[in-house]
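> Could you have a look at this structure, given as structure tokens, before my questions?
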Amino acid sequence: MSGRRAVVAGASVAGLLAARALREHVGEVLVLDRDVLPSGVRPRRGVPQGRHPHVVPAGGYEAIERLLPGFHGELAAAGAVKAGAATLLSSRPLFERTLRRRIERLDGVRIAGSSEVTGVLTDAGRSRVTGVTVASGGRLGAIEDIDLLVDATGRASRTPAWLAALGLDPVPEESVELGLTYVSQRFRASGAPSEILADGRCVLAQEGNTVLVSGNVTPPGEPIGAPATLRFPRAFRRYYERIDVPGNLVVLGDAMCTLDPRLRQGVTVAARQAELLTDPVRDNARPQCEAAALLETPWRATAAPKSSASPESPAA
């Protein structure tokens with residue numbers, strides 16, 4: 001491995017898979033996330049969809065397996081429920097914990113929670129990121145001498161503000177109103193069949209003989225906790241490939257584009273974007289443009305006119 005050093009902002013699915021991809025040619029990868037990263041299987045603040053339906057199609061698992069051979073089997077061993085030859089159903093917290101544990105075992109990768117990237121440091125010409133400022137434990141510090149910065153902080157990404165603070169051009173952005181609302185609740189129900197209905201209602205088998213119900217569905221068993229609500233009013237796409245940004249900054253996943261969750265393509269796109277980083281990144285133009293190309297089809301589907309739906313008919 002080379003002596004190059006990368007920082008990944010965000011221990012999201014996109015961020016964790018990016019860290020794995022970067023280990024192909026970067027000697028040290030530091031993944032920073034503002035959340036306290038739980039050791040157990042429980043939702044966290046930075047993943048508001050963690051209490052709601054989470055379905056990864058076969059293509060998503062195939063992309064993850066290319067980066068992390070055996071992950072599918074590890075998730076099954078952790079309790080995920082088989083749904084077809086190549087698909088598993090689990091809660092989002094179990095999926096992320098299993099993925100995070102796999103990444104933590106990689107030599108040269110370190111994951112730090114309660115550590116938020118608050119800004120970027122650049123060279124005099126603002127052409128390259130040289131470091132980041134970090135808030136951790138109530139103190140502000142800096143990590144310098146980095147060769148690559150990946151923003152995988154999701155919808156809350158601050159990269160547009162960082163670029164504005166540097167006096168760079170605004171990031172072109174397009175948004176689509178979706179007006180979706182998830183209302184979901186877990187139940188104890190052994191052997192309940194999984195079902196996703198056309199209007200977004202669903203019953204999904206999960207680990208521990210539980211099911212997750214979303215929408216107006218007859219409860220299949222004893223409730224676990226209270227219902228959780230999440231509003232998803234809009235989707236957006238940011239066109240970083242259209243402007244000049246520091247050459248070693250790459251934006252991936254929901255930090256670049258949020259898709260209609262009914263498409264169930266978020267994890268798949270994040271995994272395929274992360275694969276772009278397995279080759280050495282000398283300048284972000286190639287991976288950023290290729291990451292954008294992967295969005296063309298799902299973004300067109302997100303932006304396409306849709307029939308109106310009740311705000312209480314959530315996406316799966």
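By convention in this document, the chains of the structure tokens carry letters A, B, ... by their order, each chain's residues are numbered from 1, and ligands are numbered from 1 in the order they are shown.
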Within 12 Å of region 219-228 of chain A, which residues of region 21-88 of chain A show up? Give each one with its shortest atom-to-atom distance in Å (one decimal) and the two atoms involved, counting only C-alpha atoms, rows by chain then rising residue number, as a tab-separated table.

residue	atom	partner	partner_atom	distance
A:Pro43	CA	A:Ala228	CA	11.4
A:Pro48	CA	A:Ala228	CA	9.8
A:Gln49	CA	A:Ala228	CA	9.6
A:Gly50	CA	A:Ala228	CA	9.9
A:Arg51	CA	A:Ala228	CA	6.7
A:His52	CA	A:Ala228	CA	7.7
A:Pro53	CA	A:Ala228	CA	11.1
> Could you write out the selected residues, including N, CA and C atoms, as a PDB file, in the first residue's frame?

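Wrote result05.pdb, looks like this:
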ATOM      1  N   PRO A  43     -31.136   2.080  15.945  1.00  0.00           N
ATOM      2  CA  PRO A  43     -31.071   3.230  15.034  1.00  0.00           C
ATOM      3  C   PRO A  43     -30.197   4.332  15.611  1.00  0.00           C
ATOM      4  N   PRO A  48     -32.068   8.729   9.755  1.00  0.00           N
ATOM      5  CA  PRO A  48     -33.476   8.816  10.161  1.00  0.00           C
ATOM      6  C   PRO A  48     -34.347   7.722   9.561  1.00  0.00           C
ATOM      7  N   GLN A  49     -33.901   7.131   8.441  1.00  0.00           N
ATOM      8  CA  GLN A  49     -34.667   6.047   7.837  1.00  0.00           C
ATOM      9  C   GLN A  49     -34.423   4.714   8.536  1.00  0.00           C
ATOM     10  N   GLY A  50     -33.610   4.714   9.596  1.00  0.00           N
ATOM     11  CA  GLY A  50     -33.249   3.470  10.266  1.00  0.00           C
ATOM     12  C   GLY A  50     -34.400   2.739  10.907  1.00  0.00           C
ATOM     13  N   ARG A  51     -35.503   3.406  11.186  1.00  0.00           N
ATOM     14  CA  ARG A  51     -36.679   2.764  11.779  1.00  0.00           C
ATOM     15  C   ARG A  51     -37.727   2.408  10.726  1.00  0.00           C
ATOM     16  N   HIS A  52     -37.349   2.495   9.461  1.00  0.00           N
ATOM     17  CA  HIS A  52     -38.329   2.353   8.389  1.00  0.00           C
ATOM     18  C   HIS A  52     -37.875   1.291   7.387  1.00  0.00           C
ATOM     19  N   PRO A  53     -38.701   0.983   6.394  1.00  0.00           N
ATOM     20  CA  PRO A  53     -38.382  -0.106   5.457  1.00  0.00           C
ATOM     21  C   PRO A  53     -37.028   0.067   4.786  1.00  0.00           C
TER      22      PRO A  53
END
> Excluding Arg201 (chain A) and any residue of its chain fewer than 2 positions from it, enumerate the residues within 6 Å of it, using only C-alpha atoms, and give them as a count of residues only.
4
> Skip Ala156 (chain A) itself and residues of its chain fewer than 4 positions away, then list as a PyMOL selection string all residues within 12 Å of it, counting only C-alpha atoms.
chain A and resi 9-10+12+33-34+45-48+116-118+151-152+160-161+236+253-258
> Sorted by chain and rising residue number, list the residues of region 80-108 of chain A at most 8 Å from region 55-67 of chain A (counting only C-alpha atoms), each with its closest atom pair and distance in Å to one decimal, as a Markdown table.

| residue | atom | partner | partner_atom | distance |
| --- | --- | --- | --- | --- |
| A:Ala86 | CA | A:Ala58 | CA | 5.2 |
| A:Thr87 | CA | A:Ala58 | CA | 5.2 |
| A:Leu88 | CA | A:Val56 | CA | 7.5 |
| A:Leu89 | CA | A:Val55 | CA | 6.5 |
| A:Ser90 | CA | A:Val55 | CA | 7.9 |
> For the residues in that selection, give me C-alpha atoms as a tab-separated table (two decimals), in the first residue's frame.

chain	number	residue	atom	x	y	z
A	86	ALA	CA	-29.59	-13.15	-3.70
A	87	THR	CA	-31.62	-10.86	-1.43
A	88	LEU	CA	-31.84	-10.59	2.34
A	89	LEU	CA	-34.24	-8.65	4.53
A	90	SER	CA	-33.03	-7.02	7.73
> Which residue, A:Val31, A:Leu230, A:Ala135, A:Val13, has the smallest gap to Arg272 (chain A) when you use only C-alpha atoms?
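Closest to Arg272 (chain A), using only C-alpha atoms: A:Val13.
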> Have a look at CA of Glu174 (chain A) and CA of Ala292 (chain A) and let me know their distance in Å, one decimal.
13.3 Å
> If we count only C-alpha atoms and set the cut-off at 12 Å, which residues sit around Ala291 (chain A), ignoring sequence neighbours fewer than 6 positions away in its own chain? Please answer as a list of chain:residue names.
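Once the nearby chain positions are removed, what remains is A:Ala14, A:Arg237, A:Arg238, A:Tyr239, A:Tyr240, A:Glu241, A:Val250, A:Val251, A:Leu252, A:Gly253, A:Asp254, A:Ala255, A:Met256, A:Cys257, A:Val269, A:Ala270, A:Ala271, A:Arg272, A:Gln273, A:Ala274, A:Glu275, A:Leu276, A:Leu277, A:Asn284, A:Ala285.
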> Which polymer residues have any atom within 9 Å of an atom of Asp260 (chain A), counting only C-alpha atoms, with same-chain residues fewer than 2 positions away left out, as a PyMOL selection string?
chain A and resi 178+232+234-235+258+262-266+298-299+301-303+315
> If you run DSSP on the backbone here, which positions in region 140-225 of chain A get strand (DSSP E)? Please write them as a PyMOL selection string.
chain A and resi 140-144+148-151+173-188+195-196+202-206+210-214+222-225
> Save the residues we just selected, C-alpha atoms, as a PDB file, in the first residue's frame?

ATOM      1  CA  LEU A 140     -12.207  21.739  17.418  1.00  0.00           C
ATOM      2  CA  GLY A 141      -9.092  20.340  15.791  1.00  0.00           C
ATOM      3  CA  ALA A 142      -7.669  19.669  12.357  1.00  0.00           C
ATOM      4  CA  ILE A 143      -6.414  16.736  10.318  1.00  0.00           C
ATOM      5  CA  GLU A 144      -3.819  17.860   7.809  1.00  0.00           C
ATOM      6  CA  LEU A 148      -8.234  12.669  -0.717  1.00  0.00           C
ATOM      7  CA  LEU A 149     -11.518  13.704   0.907  1.00  0.00           C
ATOM      8  CA  VAL A 150     -14.751  11.801   0.264  1.00  0.00           C
ATOM      9  CA  ASP A 151     -18.031  13.364   1.368  1.00  0.00           C
ATOM     10  CA  GLU A 173     -29.010  21.658  -7.835  1.00  0.00           C
ATOM     11  CA  GLU A 174     -32.304  20.210  -9.029  1.00  0.00           C
ATOM     12  CA  SER A 175     -35.098  19.082  -6.719  1.00  0.00           C
ATOM     13  CA  VAL A 176     -38.326  17.114  -7.061  1.00  0.00           C
ATOM     14  CA  GLU A 177     -41.259  17.253  -4.667  1.00  0.00           C
ATOM     15  CA  LEU A 178     -42.235  13.770  -3.431  1.00  0.00           C
ATOM     16  CA  GLY A 179     -44.398  14.460  -0.396  1.00  0.00           C
ATOM     17  CA  LEU A 180     -43.837  11.023   1.134  1.00  0.00           C
ATOM     18  CA  THR A 181     -44.442  10.096   4.749  1.00  0.00           C
ATOM     19  CA  TYR A 182     -43.347   6.863   6.384  1.00  0.00           C
ATOM     20  CA  VAL A 183     -45.291   5.554   9.384  1.00  0.00           C
ATOM     21  CA  SER A 184     -43.668   2.307  10.492  1.00  0.00           C
ATOM     22  CA  GLN A 185     -43.753  -0.047  13.459  1.00  0.00           C
ATOM     23  CA  ARG A 186     -42.101  -3.325  14.402  1.00  0.00           C
ATOM     24  CA  PHE A 187     -44.052  -6.363  15.613  1.00  0.00           C
ATOM     25  CA  ARG A 188     -43.188  -9.754  17.033  1.00  0.00           C
ATOM     26  CA  GLU A 195     -45.226  -8.246   1.108  1.00  0.00           C
ATOM     27  CA  ILE A 196     -44.700  -4.912  -0.658  1.00  0.00           C
ATOM     28  CA  CYS A 202     -45.416  -3.205   3.228  1.00  0.00           C
ATOM     29  CA  VAL A 203     -44.773  -5.985   5.698  1.00  0.00           C
ATOM     30  CA  LEU A 204     -41.103  -6.987   5.833  1.00  0.00           C
ATOM     31  CA  ALA A 205     -39.681  -9.921   7.760  1.00  0.00           C
ATOM     32  CA  GLN A 206     -36.640  -8.991   9.826  1.00  0.00           C
ATOM     33  CA  THR A 210     -39.937  -9.603  13.937  1.00  0.00           C
ATOM     34  CA  VAL A 211     -41.608  -7.803  11.070  1.00  0.00           C
ATOM     35  CA  LEU A 212     -41.617  -4.140  10.105  1.00  0.00           C
ATOM     36  CA  VAL A 213     -44.993  -2.798   9.016  1.00  0.00           C
ATOM     37  CA  SER A 214     -45.288   0.459   7.110  1.00  0.00           C
ATOM     38  CA  GLU A 222     -47.477  -7.904  19.261  1.00  0.00           C
ATOM     39  CA  PRO A 223     -46.144  -4.346  18.765  1.00  0.00           C
ATOM     40  CA  ILE A 224     -42.582  -3.471  19.760  1.00  0.00           C
ATOM     41  CA  GLY A 225     -42.365   0.151  20.826  1.00  0.00           C
TER      42      GLY A 225
END
> I want to know what sits within 12 Å of Arg110 (chain A), based on only C-alpha atoms, with residues of the same chain fewer than 4 positions away left out; could you give that as a compact mmCIF listing (two decimals) with all heavy atoms, in the first residue's frame?

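Wrote selection_31.txt, looks like this:
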# COMPACT_ATOMS: atom_id res chain seq x y z
N ARG A 5 -3.06 9.19 2.20
CA ARG A 5 -3.97 9.27 3.33
C ARG A 5 -5.30 9.86 2.86
O ARG A 5 -5.31 10.88 2.16
CB ARG A 5 -3.36 10.15 4.41
CG ARG A 5 -4.11 10.21 5.72
CD ARG A 5 -3.42 11.22 6.63
NE ARG A 5 -3.80 11.09 8.01
CZ ARG A 5 -3.50 11.99 8.94
NH1 ARG A 5 -2.80 13.07 8.62
NH2 ARG A 5 -3.88 11.82 10.19
N ALA A 6 -6.41 9.21 3.23
CA ALA A 6 -7.73 9.69 2.82
C ALA A 6 -8.61 9.85 4.05
O ALA A 6 -8.48 9.11 5.03
CB ALA A 6 -8.38 8.71 1.84
N VAL A 7 -9.51 10.83 3.98
CA VAL A 7 -10.54 11.02 4.99
C VAL A 7 -11.89 10.82 4.31
O VAL A 7 -12.14 11.36 3.24
CB VAL A 7 -10.47 12.42 5.63
CG1 VAL A 7 -11.72 12.70 6.47
CG2 VAL A 7 -9.22 12.54 6.49
N VAL A 8 -12.73 10.02 4.94
CA VAL A 8 -14.11 9.84 4.48
C VAL A 8 -15.01 10.46 5.53
O VAL A 8 -15.01 10.05 6.69
CB VAL A 8 -14.46 8.35 4.29
CG1 VAL A 8 -15.92 8.20 3.88
CG2 VAL A 8 -13.54 7.71 3.25
N ALA A 11 -19.93 7.78 8.14
CA ALA A 11 -19.88 6.32 8.22
C ALA A 11 -21.19 5.73 7.70
O ALA A 11 -21.73 4.77 8.27
CB ALA A 11 -19.60 5.87 9.65
N LEU A 16 -18.71 3.83 4.19
CA LEU A 16 -18.02 2.60 4.56
C LEU A 16 -17.52 1.85 3.33
O LEU A 16 -16.39 1.35 3.30
CB LEU A 16 -18.96 1.71 5.38
CG LEU A 16 -19.36 2.26 6.76
CD1 LEU A 16 -20.45 1.40 7.37
CD2 LEU A 16 -18.14 2.33 7.69
N ALA A 19 -14.53 3.58 1.90
CA ALA A 19 -13.31 3.27 2.65
C ALA A 19 -12.72 1.95 2.19
O ALA A 19 -11.50 1.83 2.02
CB ALA A 19 -13.62 3.23 4.14
N ARG A 20 -13.58 0.96 1.97
CA ARG A 20 -13.08 -0.33 1.47
C ARG A 20 -12.45 -0.17 0.09
O ARG A 20 -11.36 -0.70 -0.17
CB ARG A 20 -14.24 -1.32 1.41
CG ARG A 20 -14.03 -2.51 0.49
CD ARG A 20 -12.83 -3.38 0.88
NE ARG A 20 -12.57 -4.39 -0.12
CZ ARG A 20 -11.75 -4.23 -1.16
NH1 ARG A 20 -11.12 -3.07 -1.36
NH2 ARG A 20 -11.55 -5.21 -2.02
N ARG A 23 -8.93 1.40 0.07
CA ARG A 23 -7.83 0.59 0.59
C ARG A 23 -7.06 -0.13 -0.52
O ARG A 23 -5.98 -0.66 -0.29
CB ARG A 23 -8.36 -0.44 1.59
CG ARG A 23 -8.54 0.14 2.98
CD ARG A 23 -7.23 0.64 3.57
NE ARG A 23 -6.33 -0.46 3.88
CZ ARG A 23 -5.01 -0.41 3.76
NH1 ARG A 23 -4.42 0.66 3.28
NH2 ARG A 23 -4.26 -1.44 4.10
N GLY A 27 -2.88 4.13 1.78
CA GLY A 27 -2.31 3.47 2.94
C GLY A 27 -3.11 3.63 4.20
O GLY A 27 -3.17 2.72 5.05
N GLU A 28 -3.77 4.78 4.39
CA GLU A 28 -4.53 5.04 5.61
C GLU A 28 -5.85 5.71 5.25
O GLU A 28 -5.88 6.69 4.51
CB GLU A 28 -3.73 5.96 6.55
CG GLU A 28 -4.46 6.31 7.84
CD GLU A 28 -3.68 7.31 8.69
OE1 GLU A 28 -2.58 7.72 8.27
OE2 GLU A 28 -4.20 7.69 9.75
N VAL A 29 -6.94 5.16 5.78
CA VAL A 29 -8.27 5.73 5.56
C VAL A 29 -8.91 5.98 6.93
O VAL A 29 -9.02 5.07 7.75
CB VAL A 29 -9.18 4.79 4.74
CG1 VAL A 29 -10.53 5.46 4.48
CG2 VAL A 29 -8.52 4.40 3.42
N LEU A 30 -9.33 7.21 7.15
CA LEU A 30 -9.99 7.59 8.39
C LEU A 30 -11.43 7.97 8.07
O LEU A 30 -11.68 8.87 7.28
CB LEU A 30 -9.28 8.78 9.05
CG LEU A 30 -9.88 9.34 10.33
CD1 LEU A 30 -9.94 8.27 11.42
CD2 LEU A 30 -9.09 10.54 10.81
N VAL A 31 -12.38 7.24 8.67
CA VAL A 31 -13.80 7.49 8.48
C VAL A 31 -14.32 8.22 9.72
O VAL A 31 -14.19 7.70 10.84
CB VAL A 31 -14.59 6.18 8.27
CG1 VAL A 31 -16.07 6.48 8.02
CG2 VAL A 31 -14.00 5.36 7.12
N LEU A 32 -14.90 9.40 9.52
CA LEU A 32 -15.38 10.22 10.63
C LEU A 32 -16.89 10.39 10.53
O LEU A 32 -17.41 10.67 9.45
CB LEU A 32 -14.72 11.60 10.60
CG LEU A 32 -13.18 11.63 10.62
CD1 LEU A 32 -12.69 13.05 10.44
CD2 LEU A 32 -12.66 11.05 11.93
N ASP A 33 -17.57 10.24 11.66
CA ASP A 33 -19.02 10.44 11.68
C ASP A 33 -19.41 11.18 12.94
O ASP A 33 -18.88 10.91 14.02
CB ASP A 33 -19.75 9.10 11.63
CG ASP A 33 -21.22 9.26 11.24
OD1 ASP A 33 -22.03 9.67 12.10
OD2 ASP A 33 -21.55 8.99 10.07
N ARG A 100 -20.30 -2.17 9.10
CA ARG A 100 -19.28 -1.42 9.85
C ARG A 100 -18.26 -2.36 10.49
O ARG A 100 -17.05 -2.10 10.47
CB ARG A 100 -19.95 -0.54 10.90
CG ARG A 100 -19.04 0.48 11.54
CD ARG A 100 -19.84 1.56 12.26
NE ARG A 100 -20.69 1.04 13.31
CZ ARG A 100 -22.03 1.07 13.28
NH1 ARG A 100 -22.67 1.60 12.25
NH2 ARG A 100 -22.72 0.60 14.29
N ARG A 101 -18.73 -3.47 11.04
CA ARG A 101 -17.80 -4.44 11.64
C ARG A 101 -16.86 -5.02 10.60
O ARG A 101 -15.68 -5.26 10.89
CB ARG A 101 -18.59 -5.55 12.34
CG ARG A 101 -19.22 -5.13 13.65
CD ARG A 101 -19.88 -6.30 14.35
NE ARG A 101 -20.26 -5.96 15.72
CZ ARG A 101 -20.86 -6.80 16.55
NH1 ARG A 101 -21.16 -8.04 16.14
NH2 ARG A 101 -21.17 -6.43 17.78
N ARG A 102 -17.36 -5.24 9.39
CA ARG A 102 -16.51 -5.78 8.33
C ARG A 102 -15.44 -4.76 7.95
O ARG A 102 -14.26 -5.11 7.77
CB ARG A 102 -17.37 -6.14 7.13
CG ARG A 102 -16.60 -6.70 5.94
CD ARG A 102 -16.01 -8.08 6.22
NE ARG A 102 -15.24 -8.55 5.09
CZ ARG A 102 -15.74 -9.28 4.09
NH1 ARG A 102 -17.04 -9.63 4.11
NH2 ARG A 102 -14.98 -9.67 3.11
N ILE A 103 -15.81 -3.49 7.85
CA ILE A 103 -14.85 -2.46 7.47
C ILE A 103 -13.84 -2.22 8.59
O ILE A 103 -12.65 -1.98 8.33
CB ILE A 103 -15.58 -1.14 7.12
CG1 ILE A 103 -16.54 -1.37 5.95
CG2 ILE A 103 -14.58 -0.04 6.78
CD1 ILE A 103 -15.90 -1.87 4.69
N GLU A 104 -14.28 -2.32 9.84
CA GLU A 104 -13.37 -2.13 10.97
C GLU A 104 -12.24 -3.15 10.98
O GLU A 104 -11.17 -2.88 11.54
CB GLU A 104 -14.14 -2.21 12.28
CG GLU A 104 -15.00 -0.99 12.57
CD GLU A 104 -15.89 -1.17 13.78
OE1 GLU A 104 -16.17 -2.34 14.15
OE2 GLU A 104 -16.34 -0.17 14.36
N ARG A 105 -12.45 -4.29 10.37
CA ARG A 105 -11.42 -5.34 10.36
C ARG A 105 -10.36 -5.10 9.30
O ARG A 105 -9.35 -5.83 9.26
CB ARG A 105 -12.07 -6.71 10.15
CG ARG A 105 -13.04 -7.12 11.25
CD ARG A 105 -13.26 -8.62 11.26
NE ARG A 105 -13.84 -9.13 10.03
CZ ARG A 105 -15.15 -9.31 9.83
NH1 ARG A 105 -16.00 -8.99 10.79
NH2 ARG A 105 -15.59 -9.81 8.70
N LEU A 106 -10.54 -4.13 8.44
CA LEU A 106 -9.57 -3.87 7.38
C LEU A 106 -8.33 -3.17 7.94
O LEU A 106 -8.45 -2.18 8.68
CB LEU A 106 -10.19 -3.00 6.29
CG LEU A 106 -11.36 -3.59 5.51
CD1 LEU A 106 -11.92 -2.54 4.56
CD2 LEU A 106 -10.94 -4.83 4.74
> So which residues touch Pro280 (chain A) within 8 Å, counting only C-alpha atoms, skipping near sequence neighbours fewer than 4 positions away, as a compact mmCIF listing (two decimals) with N, CA and C atoms, in the first residue's frame?

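As a result, around-v4.txt now contains:
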# COMPACT_ATOMS: atom_id res chain seq x y z
N LEU A 22 -11.09 2.48 -1.26
CA LEU A 22 -9.85 3.26 -1.20
C LEU A 22 -8.67 2.45 -0.69
N GLU A 24 -7.58 -0.11 -1.74
CA GLU A 24 -6.85 -0.69 -2.86
C GLU A 24 -5.56 0.07 -3.14
N HIS A 25 -5.54 1.37 -2.81
CA HIS A 25 -4.37 2.17 -3.20
C HIS A 25 -4.03 3.27 -2.21
> Between CA of Phe95 (chain A) and CA of Cys289 (chain A), what is the distance in Å, rounded to a tenth?
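Separation between CA of Phe95 (chain A) and CA of Cys289 (chain A): 28.4 Å.
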> From the options A:Val120, A:Ser190, A:Arg128, A:Val281, which residue's atoms come nearest to Arg158 (chain A), counting only C-alpha atoms?
A:Val120
